Amino acid sequence: MRKQKTKELDSEQKQLASMVFVASKNAMLITDKDYNVVLVNSAFTEITGYLLKEIIGKNPRVLKSGKHGRQFYKNLWDELLHKDFWQGTIWNRRKNGELYLEWVTIHAVRDEQGQLKYFFAIFSDITHNKALEIEIQQLKNYDPLTQLPNKTFFIEQLKVALANLTGEQKLAVLLLNINRFKKVNDAYGIAYGDSILQITAKRVRKLLRPNIIFVRDYADRYLILMPLVNNYTNVLSVANRILETFKNAFHLNNNQIYLSATIGATITKNKVRDARRLLKQINLALDKAKRDPTVPIAFFDSSMDHLVKHRVDVEADLYQALKRNEFRLHYQPQVDINSKKMTGVEALLRWQHPTKGLLYPGDFIDITFDSGLIIPIGEWVLNTACQQAVLWKKQGLPAFFMAVNVSALQFRQRNFQKVVQDAIHRSGMDPANLELELTEQIVLDDFETAIQMLSTFKELGVRLSLD
């Protein structure tokens with residue numbers, strides 16, 4: 001009786017295994033100990049294009065893509081025969097010649113005496129996943145409007161270039177800013193502005209050597225990294241050639257638009273290894289150039305060191321201010337002109353500095369952009385404003401909207417929608433009473449993404465306004 005039950009159980013297990021083999025969405029392949037295919041499932045056919053009758057008796061090497069060398073396969077088989085198990089990614093080729101990437105697990109199956117009997121492989125096609133990963137990386141490092149790399153990419157490359165400097169080698173960093181760009185947007189519209197940014201990107205990229213890194217910073221600003229320069233003259237020559245391109249008109253729908261540009265630059269030696277310090281230097285140099293329209297190129301010099309030190313000190317204080325809860329919100333009433341009634345308030349950021357007293361945004365806001373601190377500070381503003389609105393409602397005040405300013409850096413964060421939703425849920429605020437104030441530049445930077453985000457917030461019930 002017991003033997004009969006054991007046989008029945010073995011039979012059921014075999015049936016179950018057979019069902020799994022046939023129905024699995026993962027491709028399955030079995031070969032004998034000599035690597036000849038003895039069985040595949042329908043998912044294998046779907047992924048590779050090979051029918052069972054076409055692959056049976058063949059060696060799986062018919063799938064080889066040619067992308068892996070001999071050493072790759074040697075390492076695979078050494079590990080598989082030693083551990084009876086191997087797992088990883090392999091590029092293979094479908095019957096139609098198309099390459100695909102698979103995530104595969106291979107088992108070596110042995111009998112009771114330990115003799116090799118079969119190899120069993122199960123794999124899935126992850127080509128789409130890899131493409132998605134590449135797309136995400138592209139979005140992370142590239143500007144969708146100009147197709148140039150972005151600031152994230154630039155900082156990574158700058159750090160590498162600084163680390164590679166030896167001896168008396170120098171590198172240069174430049175910041176290019178298009179003058180009067182906002183006026184063009186106001187006069188001609190967003191589409192014209194986008195075209196100017198794209199044309200500028202193409203013109204400048206075309207005249208730079210391939211080893212020079214050129215990226216879009218944000219808005220109407222571009223960053224340039226010259227990894228190895230001999231002297232000041234080399235950098236000045238490149239800067240002048242860039243400015244020369246702006247002598248050519250931008251031809252847009254029968255309109256000729258002439259613009260100029262300003263450049264801030266710095267040259268460093270290997271003793272300076274702080275990428276963000278260099279970015280502060282070029283911002284100061286650009287400010288200097290903008291103060292004197294007759295000199296469109298300005299270089300950072302040692303006389304500005306105290307300004308860099310000031311920015312570094314303020315940045316350090318800002319980090320501490322977040323930890324010590326030194327920020328404050330002041331609320332400016334918004335009044336309807338006709339009814340003379342208050343319709344809402346705007347949350348205004350202030351910094352209660354322990355030694356300098358109450359500071360206004362003009363004293364520190366630029367540094368929050370350069371350092372990225374605008375992200376956590378912006379979240380604090382949003383959460384605090386929502387909590388205050390709910391508190392006023394509990395105290396019996398009539399409902400009115402709470403306006404919160406949103407920076408371009410905040411808006412571009414992938415999780416910004418969640419940040420807003422979390423602030424609403426945590427505070428219990430009615431989303432209809434929240435108004436996010438966006439600058440025009442946010443929309444100009446990436447029009448399509450901005451429209452999608454605006455639509456999303458509208459669905460949430462959050463009010464939006466352009467400043």
# chains A, B, ... in the order shown; residues from 1 in each chain; ligands from 1
call {"tool": "residues_around", "arguments": {"residues": "segment 424-437 of chain A", "least_positions_apart": "4", "cutoff": "10 Å", "atoms": "only C-alpha atoms", "output": "short mmCIF file (atom, residue, chain, number, x, y, z; two decimals) with N, CA and C atoms, in the first residue's frame"}}
result
data_model
loop_
_atom_site.label_atom_id
_atom_site.label_comp_id
_atom_site.auth_asym_id
_atom_site.auth_seq_id
_atom_site.Cartn_x
_atom_site.Cartn_y
_atom_site.Cartn_z
N GLY A 344 -6.28 84.67 0.43
CA GLY A 344 -5.26 83.67 0.74
C GLY A 344 -4.00 84.33 1.27
N VAL A 345 -2.99 83.50 1.48
CA VAL A 345 -1.69 84.01 1.93
C VAL A 345 -0.59 83.35 1.12
N GLU A 346 0.53 84.03 1.02
CA GLU A 346 1.71 83.45 0.37
C GLU A 346 2.76 83.18 1.43
N LEU A 382 6.94 73.56 2.18
CA LEU A 382 5.66 72.98 1.78
C LEU A 382 4.95 72.32 2.96
N ASN A 383 5.66 71.51 3.71
CA ASN A 383 5.06 70.81 4.86
C ASN A 383 4.61 71.79 5.93
N THR A 384 5.46 72.78 6.22
CA THR A 384 5.13 73.75 7.27
C THR A 384 3.93 74.60 6.88
N ALA A 385 3.88 75.02 5.62
CA ALA A 385 2.76 75.85 5.15
C ALA A 385 1.45 75.07 5.21
N CYS A 386 1.46 73.81 4.81
CA CYS A 386 0.24 72.98 4.86
C CYS A 386 -0.23 72.80 6.31
N GLN A 387 0.71 72.54 7.20
CA GLN A 387 0.36 72.36 8.62
C GLN A 387 -0.24 73.64 9.20
N GLN A 388 0.33 74.79 8.82
CA GLN A 388 -0.18 76.06 9.33
C GLN A 388 -1.59 76.33 8.82
N ALA A 389 -1.85 76.01 7.56
CA ALA A 389 -3.19 76.22 7.00
C ALA A 389 -4.23 75.41 7.75
N VAL A 390 -3.90 74.16 8.08
CA VAL A 390 -4.82 73.29 8.82
C VAL A 390 -5.02 73.82 10.24
N LEU A 391 -3.94 74.31 10.85
CA LEU A 391 -4.04 74.85 12.21
C LEU A 391 -4.97 76.06 12.25
N LYS A 393 -7.41 76.69 10.26
CA LYS A 393 -8.78 76.20 10.07
C LYS A 393 -9.36 75.66 11.37
N ALA A 399 -11.72 79.29 5.46
CA ALA A 399 -10.79 78.62 4.53
C ALA A 399 -10.30 79.60 3.47
N PHE A 400 -9.01 79.61 3.23
CA PHE A 400 -8.43 80.39 2.14
C PHE A 400 -7.21 79.63 1.61
N PHE A 401 -6.73 80.02 0.43
CA PHE A 401 -5.65 79.25 -0.18
C PHE A 401 -4.30 79.63 0.42
N MET A 402 -3.41 78.65 0.41
CA MET A 402 -2.03 78.83 0.86
C MET A 402 -1.13 78.72 -0.37
N ALA A 403 -0.44 79.80 -0.72
CA ALA A 403 0.43 79.81 -1.90
C ALA A 403 1.87 79.51 -1.49
N VAL A 404 2.47 78.56 -2.17
CA VAL A 404 3.85 78.15 -1.89
C VAL A 404 4.66 78.23 -3.18
N ASN A 405 5.78 78.91 -3.12
CA ASN A 405 6.65 79.02 -4.30
C ASN A 405 7.42 77.72 -4.53
N VAL A 406 7.52 77.32 -5.78
CA VAL A 406 8.23 76.09 -6.14
C VAL A 406 9.36 76.44 -7.12
N SER A 407 10.56 75.99 -6.82
CA SER A 407 11.70 76.26 -7.69
C SER A 407 11.76 75.24 -8.83
N LYS A 418 4.92 63.12 -5.35
CA LYS A 418 4.74 62.40 -4.09
C LYS A 418 5.01 63.31 -2.90
N VAL A 419 6.01 64.19 -3.03
CA VAL A 419 6.32 65.14 -1.95
C VAL A 419 5.10 66.00 -1.64
N VAL A 420 4.43 66.48 -2.69
CA VAL A 420 3.23 67.30 -2.50
C VAL A 420 2.10 66.48 -1.88
N PHE A 457 -1.20 67.62 -11.20
CA PHE A 457 -1.58 68.39 -10.02
C PHE A 457 -3.02 68.90 -10.11
N LYS A 458 -3.44 69.16 -11.33
CA LYS A 458 -4.84 69.57 -11.51
C LYS A 458 -5.78 68.45 -11.09
N LEU A 460 -5.15 66.23 -8.89
CA LEU A 460 -5.09 66.14 -7.42
C LEU A 460 -5.95 67.20 -6.75
N GLY A 461 -6.31 68.22 -7.54
CA GLY A 461 -7.10 69.31 -6.97
C GLY A 461 -6.28 70.48 -6.50
N VAL A 462 -4.96 70.41 -6.73
CA VAL A 462 -4.07 71.49 -6.29
C VAL A 462 -4.09 72.62 -7.32
N ARG A 463 -4.17 73.85 -6.82
CA ARG A 463 -4.19 75.00 -7.72
C ARG A 463 -2.76 75.35 -8.15
N LEU A 464 -2.65 75.87 -9.38
CA LEU A 464 -1.34 76.24 -9.91
C LEU A 464 -1.40 77.64 -10.47
N SER A 465 -0.29 78.36 -10.32
CA SER A 465 -0.23 79.69 -10.91
C SER A 465 1.18 79.95 -11.40
N LEU A 466 1.28 80.75 -12.46
CA LEU A 466 2.59 81.11 -13.01
C LEU A 466 2.95 82.50 -12.53
N ASP A 467 4.17 82.61 -12.03
CA ASP A 467 4.63 83.90 -11.51
C ASP A 467 5.43 84.60 -12.60
#
call {"tool": "select_by_dssp", "arguments": {"residues": "segment 28-259 of chain A", "states": "alpha helix (DSSP H)", "output": "PyMOL selection string"}}
result
chain A and resi 42-48+52-55+70-83+127-141+151-164+181-188+190-207+232-244
call {"tool": "closest_atom_pairs", "arguments": {"of": "segment 89-171 of chain A", "to": "segment 228-242 of chain A", "cutoff": "8 Å", "atoms": "only C-alpha atoms", "output": "Markdown table"}}
result
| residue | atom | partner | partner_atom | distance |
| --- | --- | --- | --- | --- |
| A:Gln169 | CA | A:Leu228 | CA | 6.7 |
| A:Lys170 | CA | A:Val229 | CA | 5.6 |
| A:Leu171 | CA | A:Leu228 | CA | 4.8 |
call {"tool": "residues_around", "arguments": {"residues": "Leu286 of chain A", "least_positions_apart": "6", "cutoff": "10 Å", "atoms": "only C-alpha atoms", "output": "VMD selection string"}}
result
chain A and resid 174 to 177 262 to 265 280 296 to 300
call {"tool": "closest_residue", "arguments": {"among": "A:Gly396, A:Arg110, A:Lys309, A:Ile375", "to": "Asn415 of chain A", "atoms": "only C-alpha atoms"}}
result
A:Ile375
call {"tool": "residues_around", "arguments": {"residues": "segment 35-38 of chain A", "least_positions_apart": "2", "cutoff": "8 Å", "atoms": "only C-alpha atoms", "output": "list in words"}}
result
Leu29, Ile30, Thr31, Asp32, Lys33, Val40, Ile55, Ile56, Gly57, Lys58, Asn59, Pro60 and Phe119 of chain A
call {"tool": "write_last_selection", "arguments": {"atoms": "N, CA and C atoms", "output": "JSON list (two decimals), in the first residue's frame"}}
result
[["chain", "number", "residue", "atom", "x", "y", "z"],
["A", 29, "LEU", "N", 15.08, 25.04, -20.80],
["A", 29, "LEU", "CA", 15.89, 24.28, -21.75],
["A", 29, "LEU", "C", 16.59, 23.15, -20.99],
["A", 30, "ILE", "N", 16.52, 21.94, -21.52],
["A", 30, "ILE", "CA", 17.21, 20.80, -20.92],
["A", 30, "ILE", "C", 18.13, 20.19, -21.97],
["A", 31, "THR", "N", 19.38, 19.96, -21.57],
["A", 31, "THR", "CA", 20.33, 19.27, -22.46],
["A", 31, "THR", "C", 20.85, 18.02, -21.74],
["A", 32, "ASP", "N", 21.39, 17.09, -22.53],
["A", 32, "ASP", "CA", 22.05, 15.95, -21.89],
["A", 32, "ASP", "C", 23.44, 16.36, -21.45],
["A", 33, "LYS", "N", 24.19, 15.43, -20.89],
["A", 33, "LYS", "CA", 25.51, 15.76, -20.35],
["A", 33, "LYS", "C", 26.50, 16.17, -21.44],
["A", 40, "VAL", "N", 12.67, 21.66, -24.79],
["A", 40, "VAL", "CA", 12.45, 23.09, -24.52],
["A", 40, "VAL", "C", 10.95, 23.31, -24.37],
["A", 55, "ILE", "N", 15.61, 22.77, -32.76],
["A", 55, "ILE", "CA", 16.69, 22.91, -31.79],
["A", 55, "ILE", "C", 17.09, 21.59, -31.15],
["A", 56, "ILE", "N", 16.20, 20.59, -31.19],
["A", 56, "ILE", "CA", 16.49, 19.32, -30.52],
["A", 56, "ILE", "C", 17.73, 18.65, -31.13],
["A", 57, "GLY", "N", 18.59, 18.17, -30.25],
["A", 57, "GLY", "CA", 19.83, 17.53, -30.69],
["A", 57, "GLY", "C", 20.95, 18.51, -30.98],
["A", 58, "LYS", "N", 20.61, 19.83, -30.99],
["A", 58, "LYS", "CA", 21.62, 20.86, -31.26],
["A", 58, "LYS", "C", 22.28, 21.30, -29.95],
["A", 59, "ASN", "N", 23.45, 21.90, -30.10],
["A", 59, "ASN", "CA", 24.13, 22.51, -28.96],
["A", 59, "ASN", "C", 23.58, 23.93, -28.77],
["A", 60, "PRO", "N", 23.31, 24.36, -27.52],
["A", 60, "PRO", "CA", 22.77, 25.70, -27.29],
["A", 60, "PRO", "C", 23.66, 26.82, -27.81],
["A", 119, "PHE", "N", 21.73, 19.17, -17.99],
["A", 119, "PHE", "CA", 21.81, 20.58, -17.63],
["A", 119, "PHE", "C", 20.41, 21.17, -17.83]]
call {"tool": "closest_residue", "arguments": {"among": "A:Thr355, A:Gln421, A:Gln256, A:Ser195", "to": "Thr146 of chain A", "atoms": "only C-alpha atoms"}}
result
A:Ser195
call {"tool": "select_by_dssp", "arguments": {"residues": "segment 339-406 of chain A", "states": "strand (DSSP E or B)", "output": "list in words"}}
result
Met342, Thr343, Gly344, Val345, Glu346, Ala347, Leu348, Leu349, Arg350, Trp351, Gln352, His353, Gly357, Leu358, Leu359, Phe401, Met402, Ala403, Val404, Asn405 and Val406 of chain A
call {"tool": "write_last_selection", "arguments": {"atoms": "N, CA and C atoms", "output": "PDB file, in the first residue's frame"}}
result
ATOM      1  N   MET A 342      -9.523  89.247   2.031  1.00  0.00           N
ATOM      2  CA  MET A 342      -8.349  88.392   1.922  1.00  0.00           C
ATOM      3  C   MET A 342      -8.775  87.038   1.355  1.00  0.00           C
ATOM      4  N   THR A 343      -8.116  86.622   0.293  1.00  0.00           N
ATOM      5  CA  THR A 343      -8.462  85.341  -0.335  1.00  0.00           C
ATOM      6  C   THR A 343      -7.439  84.251  -0.029  1.00  0.00           C
ATOM      7  N   GLY A 344      -6.280  84.666   0.431  1.00  0.00           N
ATOM      8  CA  GLY A 344      -5.256  83.675   0.741  1.00  0.00           C
ATOM      9  C   GLY A 344      -4.002  84.332   1.270  1.00  0.00           C
ATOM     10  N   VAL A 345      -2.986  83.504   1.478  1.00  0.00           N
ATOM     11  CA  VAL A 345      -1.693  84.014   1.934  1.00  0.00           C
ATOM     12  C   VAL A 345      -0.589  83.347   1.121  1.00  0.00           C
ATOM     13  N   GLU A 346       0.533  84.025   1.016  1.00  0.00           N
ATOM     14  CA  GLU A 346       1.708  83.450   0.368  1.00  0.00           C
ATOM     15  C   GLU A 346       2.759  83.177   1.426  1.00  0.00           C
ATOM     16  N   ALA A 347       3.283  81.968   1.443  1.00  0.00           N
ATOM     17  CA  ALA A 347       4.309  81.589   2.414  1.00  0.00           C
ATOM     18  C   ALA A 347       5.664  82.121   1.953  1.00  0.00           C
ATOM     19  N   LEU A 348       6.296  82.940   2.783  1.00  0.00           N
ATOM     20  CA  LEU A 348       7.576  83.552   2.444  1.00  0.00           C
ATOM     21  C   LEU A 348       8.657  83.041   3.390  1.00  0.00           C
ATOM     22  N   LEU A 349       9.747  82.578   2.833  1.00  0.00           N
ATOM     23  CA  LEU A 349      10.824  81.970   3.620  1.00  0.00           C
ATOM     24  C   LEU A 349      11.727  83.033   4.243  1.00  0.00           C
ATOM     25  N   ARG A 350      12.055  82.822   5.505  1.00  0.00           N
ATOM     26  CA  ARG A 350      13.010  83.653   6.228  1.00  0.00           C
ATOM     27  C   ARG A 350      13.957  82.741   7.001  1.00  0.00           C
ATOM     28  N   TRP A 351      15.143  83.265   7.305  1.00  0.00           N
ATOM     29  CA  TRP A 351      16.130  82.491   8.067  1.00  0.00           C
ATOM     30  C   TRP A 351      16.494  83.255   9.328  1.00  0.00           C
ATOM     31  N   GLN A 352      16.146  82.695  10.460  1.00  0.00           N
ATOM     32  CA  GLN A 352      16.482  83.308  11.744  1.00  0.00           C
ATOM     33  C   GLN A 352      17.889  82.846  12.133  1.00  0.00           C
ATOM     34  N   HIS A 353      18.892  83.572  11.628  1.00  0.00           N
ATOM     35  CA  HIS A 353      20.288  83.186  11.859  1.00  0.00           C
ATOM     36  C   HIS A 353      20.666  83.471  13.311  1.00  0.00           C
ATOM     37  N   GLY A 357      20.786  87.495  12.803  1.00  0.00           N
ATOM     38  CA  GLY A 357      19.395  87.908  12.877  1.00  0.00           C
ATOM     39  C   GLY A 357      18.562  87.377  11.726  1.00  0.00           C
ATOM     40  N   LEU A 358      17.475  88.078  11.420  1.00  0.00           N
ATOM     41  CA  LEU A 358      16.544  87.618  10.389  1.00  0.00           C
ATOM     42  C   LEU A 358      17.097  87.917   8.998  1.00  0.00           C
ATOM     43  N   LEU A 359      17.261  86.866   8.187  1.00  0.00           N
ATOM     44  CA  LEU A 359      17.785  87.013   6.832  1.00  0.00           C
ATOM     45  C   LEU A 359      16.688  86.740   5.808  1.00  0.00           C
ATOM     46  N   PHE A 401      -6.733  80.023   0.431  1.00  0.00           N
ATOM     47  CA  PHE A 401      -5.654  79.247  -0.178  1.00  0.00           C
ATOM     48  C   PHE A 401      -4.297  79.627   0.417  1.00  0.00           C
ATOM     49  N   MET A 402      -3.411  78.651   0.409  1.00  0.00           N
ATOM     50  CA  MET A 402      -2.028  78.832   0.856  1.00  0.00           C
ATOM     51  C   MET A 402      -1.133  78.720  -0.374  1.00  0.00           C
ATOM     52  N   ALA A 403      -0.444  79.799  -0.717  1.00  0.00           N
ATOM     53  CA  ALA A 403       0.429  79.808  -1.896  1.00  0.00           C
ATOM     54  C   ALA A 403       1.870  79.506  -1.485  1.00  0.00           C
ATOM     55  N   VAL A 404       2.466  78.557  -2.175  1.00  0.00           N
ATOM     56  CA  VAL A 404       3.849  78.152  -1.889  1.00  0.00           C
ATOM     57  C   VAL A 404       4.657  78.231  -3.181  1.00  0.00           C
ATOM     58  N   ASN A 405       5.783  78.912  -3.125  1.00  0.00           N
ATOM     59  CA  ASN A 405       6.651  79.017  -4.302  1.00  0.00           C
ATOM     60  C   ASN A 405       7.415  77.716  -4.527  1.00  0.00           C
ATOM     61  N   VAL A 406       7.524  77.324  -5.779  1.00  0.00           N
ATOM     62  CA  VAL A 406       8.234  76.093  -6.142  1.00  0.00           C
ATOM     63  C   VAL A 406       9.357  76.444  -7.116  1.00  0.00           C
TER      64      VAL A 406
END
call {"tool": "residues_around", "arguments": {"residues": "Lys206 of chain A", "least_positions_apart": "5", "cutoff": "12 Å", "atoms": "only C-alpha atoms", "output": "ChimeraX atom specification"}}
result
/A:199-201,212-214,241-242,245
call {"tool": "closest_residue", "arguments": {"among": "A:Asn253, A:Ser339, A:Ser371, A:Asn179", "to": "Leu279 of chain A", "atoms": "only C-alpha atoms"}}
result
A:Ser371
call {"tool": "residues_around", "arguments": {"residues": "Leu63 of chain A", "least_positions_apart": "6", "cutoff": "7 Å", "atoms": "only C-alpha atoms", "output": "MDAnalysis selection string"}}
result
chainID A and resid 92:94
call {"tool": "closest_residue", "arguments": {"among": "A:Arg311, A:Arg412, A:Lys288, A:Lys64", "to": "Ile90 of chain A", "atoms": "only C-alpha atoms"}}
result
A:Lys64
call {"tool": "atom_distance", "arguments": {"atom1": "atom CA of Arg203 of chain A", "atom2": "atom CA of Leu148 of chain A"}}
result
12.1 Å
call {"tool": "atom_distance", "arguments": {"atom1": "atom CA of Asn150 of chain A", "atom2": "atom CA of Asp366 of chain A"}}
result
19.1 Å
call {"tool": "closest_residue", "arguments": {"among": "A:Arg209, A:Lys25, A:Lys53, A:Arg221", "to": "Ser124 of chain A", "atoms": "only C-alpha atoms"}}
result
A:Lys25
call {"tool": "atom_distance", "arguments": {"atom1": "atom CA of Tyr192 of chain A", "atom2": "atom CA of Lys151 of chain A"}}
result
23.3 Å
call {"tool": "residues_around", "arguments": {"residues": "segment 312-319 of chain A", "least_positions_apart": "4", "cutoff": "8 Å", "atoms": "only C-alpha atoms", "output": "ChimeraX atom specification"}}
result
/A:277,308,323,364,367-368,371,373
call {"tool": "decode", "arguments": {"residues": "segment 200-214 of chain A", "atoms": "C-alpha atoms", "output": "JSON list (two decimals), in the first residue's frame"}}
result
[["chain", "number", "residue", "atom", "x", "y", "z"],
["A", 200, "THR", "CA", 22.75, 77.59, -29.31],
["A", 201, "ALA", "CA", 23.48, 74.03, -28.20],
["A", 202, "LYS", "CA", 24.18, 72.93, -31.79],
["A", 203, "ARG", "CA", 26.28, 75.96, -32.70],
["A", 204, "VAL", "CA", 28.52, 75.79, -29.66],
["A", 205, "ARG", "CA", 28.88, 72.01, -29.70],
["A", 206, "LYS", "CA", 29.94, 72.17, -33.35],
["A", 207, "LEU", "CA", 32.88, 74.51, -32.71],
["A", 208, "LEU", "CA", 34.23, 72.70, -29.62],
["A", 209, "ARG", "CA", 36.75, 69.87, -29.80],
["A", 210, "PRO", "CA", 35.31, 66.40, -28.96],
["A", 211, "ASN", "CA", 37.23, 66.20, -25.66],
["A", 212, "ILE", "CA", 35.61, 69.40, -24.38],
["A", 213, "ILE", "CA", 32.50, 68.66, -22.34],
["A", 214, "PHE", "CA", 29.55, 70.93, -23.08]]
